[in-house]
Structure formats: structure tokens, C-alpha cells
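Presented below is the structure to which this report refers.
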Amino acid sequence: MKNLENSSKLIKIGMAVVVVLAIGSASYWLYDFYTLSQLTKIPVRSLDIVEEQQLRADAPRARRTGGLGTPRGRVSVYVADSSYAALDQKKANLLAKEFGFRGKPSSPGQLLIWREEEKNFVVSLQNQFASLEVDAIKEPLVATSEFPSKERVSQRTKTILKKLGLPETTLDFDGPDIQYKAVSGKAAPEEPDKARVMEVEYSSKMKKIEIYGQEAQPLIVKVQIGSAGKLLGFTVPWAPLTWGSLGKYPLKNTGDALKEIEEGGGSIVRLTTITTGTKTQQNKSITAIGISEVKLGYYAVVGDKSYLVPIYIFSGKAELASKELTNVSFYVIAIPDKFLQKNKEK
């Protein structure tokens, strides 16, 4: 009899647990549905990337040549706390003076260059970056252990950004890529464990997800330092915005994103020829695409109101109508279309 009573109690407890779990699951589903319904629609339908649209005059046949998994969970979308101010001629002149260069650039136009003795200051208005180049050939060749510490270089980098009027909030100062070189931009030193230049690269990230520029490459701040701590150069992308969270959004399935590419969507951000055909200049239409890799990243869509939008970076090979084989990369917005609204008419 006691066994029956105990069994009855266990059944009741079990049923109560099931009911609690069911209520909890339903509550979570309702909460999840509510939070999704409260998300602001993002006024971004395209990434405003300039590309050769005629490249896909014929719809390509996209196919997978590797496993393309969809990241799980949600991803944050960010909104800028101010409007975007592009790097223009006036701003470039002020930056040149900030770094000790006087007068007018020697090459007016989209690529501005100030020259002074053994150093140059370069500003690209088209690609929106600033760089300093110092001839390092006269720097002493010393042991790599004699170069400044990672922490000191990080502080120097923050000073450079401050002089440029740029925020440091998206830079990953914890895990920079450090290389020692004989001369800036060139590979190995003449002797092992000796160098003239310490080259440090910092990735731009939000919550460990890299921020990309227009050419399928993450935005990188590069700084070159001499053994005595002398600044030998830097290359800094123009990223004047700071970001605040707009909300967490579901991720689009990568299969759906791939279908967009197949139907002519997404943005071509890289197309480099591997094998040369006979009609290179006559016909660049893509006839087939093989995608082998996909990454999740961010891309800044800038304007009066700017957004840091999650994107998928699809990479692989493409065949052109000229029978050339190329490397190709696409950006596709990684949020389902229902959370996007059409760009406002300008």
C-alpha cells in the first residue's frame, strides 16, 4: 500500500515538474516573441558599397564547396552617437599640420601627399585613411628585446588616435599582431632576432567580432616603432564614430544569405583574377560561383544616422564569361529582411 502511495506521490511530483517546465517554456517563448517585436527596424537595405553591378548581368550559379554553418544566438546592432564626418581636404590639411607637415600637398586630388625630408604624410580621400611613412633604413639594427613593450606601443597608438581625433573604443589592445622587420613593410631582418622596425597591428572589433572595410579585409590600425621608441609610421582607417547598442537581433540563416547571392543580391567587395583568359577587358560577367568560407563581421553604413550592421563575408572562386577564374568575396547583411526597412529617400 505504501508503495502505491509513494508511486502516486512521484507521479504527482513528476506532473508538477512537467507543468512548471511547460509554463517556463511558454513564458520564455512569449518573452522571446515580445522582445523580437520590440526591436527597432533598421533603416538599412543595402551596404552602400560601390561595385561593378554589371559583373552580375547574368544570375550566377552559386554553390557550396565547403561546410557553411550558421552562427547561433543573436547579434547586436549598433547606432552611432553622432553623424558621420568624412575625411576631406580641409580636415586632411589640419591633420598634416598636427604631425608637423606644413604647406600644401605635393599631389592634390584624391590621394594627398605631404613630403618633408625623409618622411611622408599621406591621406586618401577615396579610401578614407591617413598614414605616416618614415624612412627606417638609417635605424640601428638591434635585438628585438630592445624594442618598447607592447603596453608602451599601445599608449603611443592611443596618442596617435587622439591627435587624429579618432576614438579608440573599437581597437583590440589585448591581442595585437607584432612583427619585427628590417625595414617598414618588408619581411625578415638580415639577422635572426634583430630588427629596425617593430610593426604592431590592432584589429577593430565589437564584442570580439571584427569590423570590416570595403575590400573584404578587417579594419586594421598599423603602427611602426623604432628601437628607441621613435615613431616610424602608421596607417589608420578613418573611423570617427563611437557606437551604442540598438538591440540584439536574430541571425539570418547562411543558406538564405547564399540564396541572395545566387539571385544577384549582396555586394561584391573583391574580385581578383587567378587565371587570365582571352577576353579580360571585354566581358567580366560572373557565370558561376563556388563559396568555400563564410565569416561573421560588422560593416559601418554611414550617413546622418550611421549603423554598425552584422554581415556575412562569403569567399570563394568565381568563373567569368571570359572563362577566367577569380577569387571573389561578397557581403550580405546577416539580419533577416523583416528587421530592415527601406533606406529613406535622400
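Residue numbering restarts at 1 in every chain; chains get A, B, ... in the order shown in the C-alpha cells, and ligands count up from 1 in that same order.
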
Using only C-alpha atoms, tabulate the residues of region 148-257 of chain A lying at most 10 Å from any atom of region 298-303 of chain A, each with its closest atom pair and that distance in Å to one decimal, by chain and increasing residue number, as a tab-separated table.
residue	atom	partner	partner_atom	distance
A:Ser204	CA	A:Tyr298	CA	9.7
A:Lys205	CA	A:Tyr298	CA	8.2
A:Met206	CA	A:Tyr298	CA	8.0
A:Ile209	CA	A:Tyr298	CA	7.0
A:Glu210	CA	A:Tyr298	CA	6.3
A:Ile211	CA	A:Tyr298	CA	4.5
A:Tyr212	CA	A:Tyr299	CA	5.4
A:Gly213	CA	A:Tyr299	CA	6.7
A:Gln214	CA	A:Tyr299	CA	8.3
A:Pro218	CA	A:Tyr298	CA	9.0
A:Leu219	CA	A:Tyr299	CA	9.7
A:Ala239	CA	A:Ala300	CA	9.1
A:Leu241	CA	A:Val302	CA	9.3

message = I'd like the contact shell of Asn127 (chain A) - 10 Å cut-off, only C-alpha atoms, skipping same-chain residues fewer than 6 positions apart - returned as a list of chain:residue names.
response = A:Leu87, A:Gln110, A:Leu111, A:Gly213, A:Gln214, A:Pro237, A:Trp238

Serialized selection, C-alpha atoms, as a short mmCIF file (atom, residue, chain, number, x, y, z; two decimals), in the first residue's frame:
data_model
loop_
_atom_site.label_atom_id
_atom_site.label_comp_id
_atom_site.auth_asym_id
_atom_site.auth_seq_id
_atom_site.Cartn_x
_atom_site.Cartn_y
_atom_site.Cartn_z
CA LEU A 87 37.84 62.82 -44.19
CA GLN A 110 42.04 62.09 -54.01
CA LEU A 111 45.48 60.98 -52.75
CA GLY A 213 36.11 47.77 -44.62
CA GLN A 214 35.04 47.73 -48.27
CA PRO A 237 41.46 53.94 -41.33
CA TRP A 238 39.13 56.89 -40.86
#

ask   = Can you list every residue in region 235-275 of chain A that DSSP puts in strand (DSSP E or B), as a ChimeraX atom specification?
value = /A:235-237,243-250,267-275

message = Can you pull out the residues contacting region 323-328 of chain A? Cut-off 7 Å, using only C-alpha atoms, and skip same-chain residues under 2 positions away; I want them as a PyMOL selection string.
response = chain A and resi 270-277+315-321+330

Selection from above, N, CA and C atoms, as a PDB file, in the first residue's frame, can you write it?
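What ended up in selection_30.pdb:
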ATOM      1  N   ARG A 270      35.313  42.005 -53.543  1.00  0.00           N
ATOM      2  CA  ARG A 270      36.640  41.616 -54.029  1.00  0.00           C
ATOM      3  C   ARG A 270      36.481  40.720 -55.238  1.00  0.00           C
ATOM      4  N   LEU A 271      37.271  40.979 -56.298  1.00  0.00           N
ATOM      5  CA  LEU A 271      37.267  40.137 -57.496  1.00  0.00           C
ATOM      6  C   LEU A 271      38.665  40.220 -58.102  1.00  0.00           C
ATOM      7  N   THR A 272      39.486  39.229 -57.844  1.00  0.00           N
ATOM      8  CA  THR A 272      40.869  39.240 -58.343  1.00  0.00           C
ATOM      9  C   THR A 272      41.107  38.019 -59.214  1.00  0.00           C
ATOM     10  N   THR A 273      41.714  38.266 -60.355  1.00  0.00           N
ATOM     11  CA  THR A 273      41.910  37.216 -61.346  1.00  0.00           C
ATOM     12  C   THR A 273      42.995  36.227 -60.923  1.00  0.00           C
ATOM     13  N   ILE A 274      42.688  34.934 -61.074  1.00  0.00           N
ATOM     14  CA  ILE A 274      43.667  33.870 -60.817  1.00  0.00           C
ATOM     15  C   ILE A 274      44.278  33.406 -62.133  1.00  0.00           C
ATOM     16  N   THR A 275      43.412  33.079 -63.100  1.00  0.00           N
ATOM     17  CA  THR A 275      43.886  32.656 -64.421  1.00  0.00           C
ATOM     18  C   THR A 275      43.366  33.647 -65.462  1.00  0.00           C
ATOM     19  N   THR A 276      44.214  34.024 -66.365  1.00  0.00           N
ATOM     20  CA  THR A 276      43.857  35.031 -67.353  1.00  0.00           C
ATOM     21  C   THR A 276      43.288  34.389 -68.606  1.00  0.00           C
ATOM     22  N   GLY A 277      42.132  34.899 -69.032  1.00  0.00           N
ATOM     23  CA  GLY A 277      41.516  34.417 -70.258  1.00  0.00           C
ATOM     24  C   GLY A 277      41.868  35.310 -71.433  1.00  0.00           C
ATOM     25  N   SER A 315      33.359  33.984 -49.152  1.00  0.00           N
ATOM     26  CA  SER A 315      34.545  33.974 -50.014  1.00  0.00           C
ATOM     27  C   SER A 315      34.628  32.666 -50.782  1.00  0.00           C
ATOM     28  N   GLY A 316      35.196  32.733 -51.971  1.00  0.00           N
ATOM     29  CA  GLY A 316      35.354  31.539 -52.785  1.00  0.00           C
ATOM     30  C   GLY A 316      35.916  31.872 -54.149  1.00  0.00           C
ATOM     31  N   LYS A 317      35.534  31.074 -55.141  1.00  0.00           N
ATOM     32  CA  LYS A 317      36.012  31.248 -56.512  1.00  0.00           C
ATOM     33  C   LYS A 317      34.830  31.567 -57.426  1.00  0.00           C
ATOM     34  N   ALA A 318      35.125  32.278 -58.497  1.00  0.00           N
ATOM     35  CA  ALA A 318      34.095  32.588 -59.490  1.00  0.00           C
ATOM     36  C   ALA A 318      34.663  32.398 -60.888  1.00  0.00           C
ATOM     37  N   GLU A 319      33.798  31.995 -61.794  1.00  0.00           N
ATOM     38  CA  GLU A 319      34.185  31.896 -63.198  1.00  0.00           C
ATOM     39  C   GLU A 319      33.494  33.008 -63.965  1.00  0.00           C
ATOM     40  N   LEU A 320      34.261  33.691 -64.812  1.00  0.00           N
ATOM     41  CA  LEU A 320      33.715  34.774 -65.614  1.00  0.00           C
ATOM     42  C   LEU A 320      33.305  34.265 -66.992  1.00  0.00           C
ATOM     43  N   ALA A 321      32.524  35.077 -67.688  1.00  0.00           N
ATOM     44  CA  ALA A 321      32.117  34.723 -69.050  1.00  0.00           C
ATOM     45  C   ALA A 321      33.328  34.607 -69.965  1.00  0.00           C
ATOM     46  N   PHE A 330      31.849  38.351 -51.140  1.00  0.00           N
ATOM     47  CA  PHE A 330      30.580  39.078 -51.067  1.00  0.00           C
ATOM     48  C   PHE A 330      30.284  39.456 -49.623  1.00  0.00           C
TER      49      PHE A 330
END

ask   = If you count only C-alpha atoms, which residues fall within 8 Å of region 157-163 of chain A, apart from same-chain ones fewer than 6 positions away, as number ranges by chain?
value = A: 95, 98, 223

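Minimum atom-to-atom distance to Gly297 (chain A), evaluated using only C-alpha atoms, belongs to A:Gln217 out of A:Gln126, A:Gln155, A:Gln217, A:Thr169.
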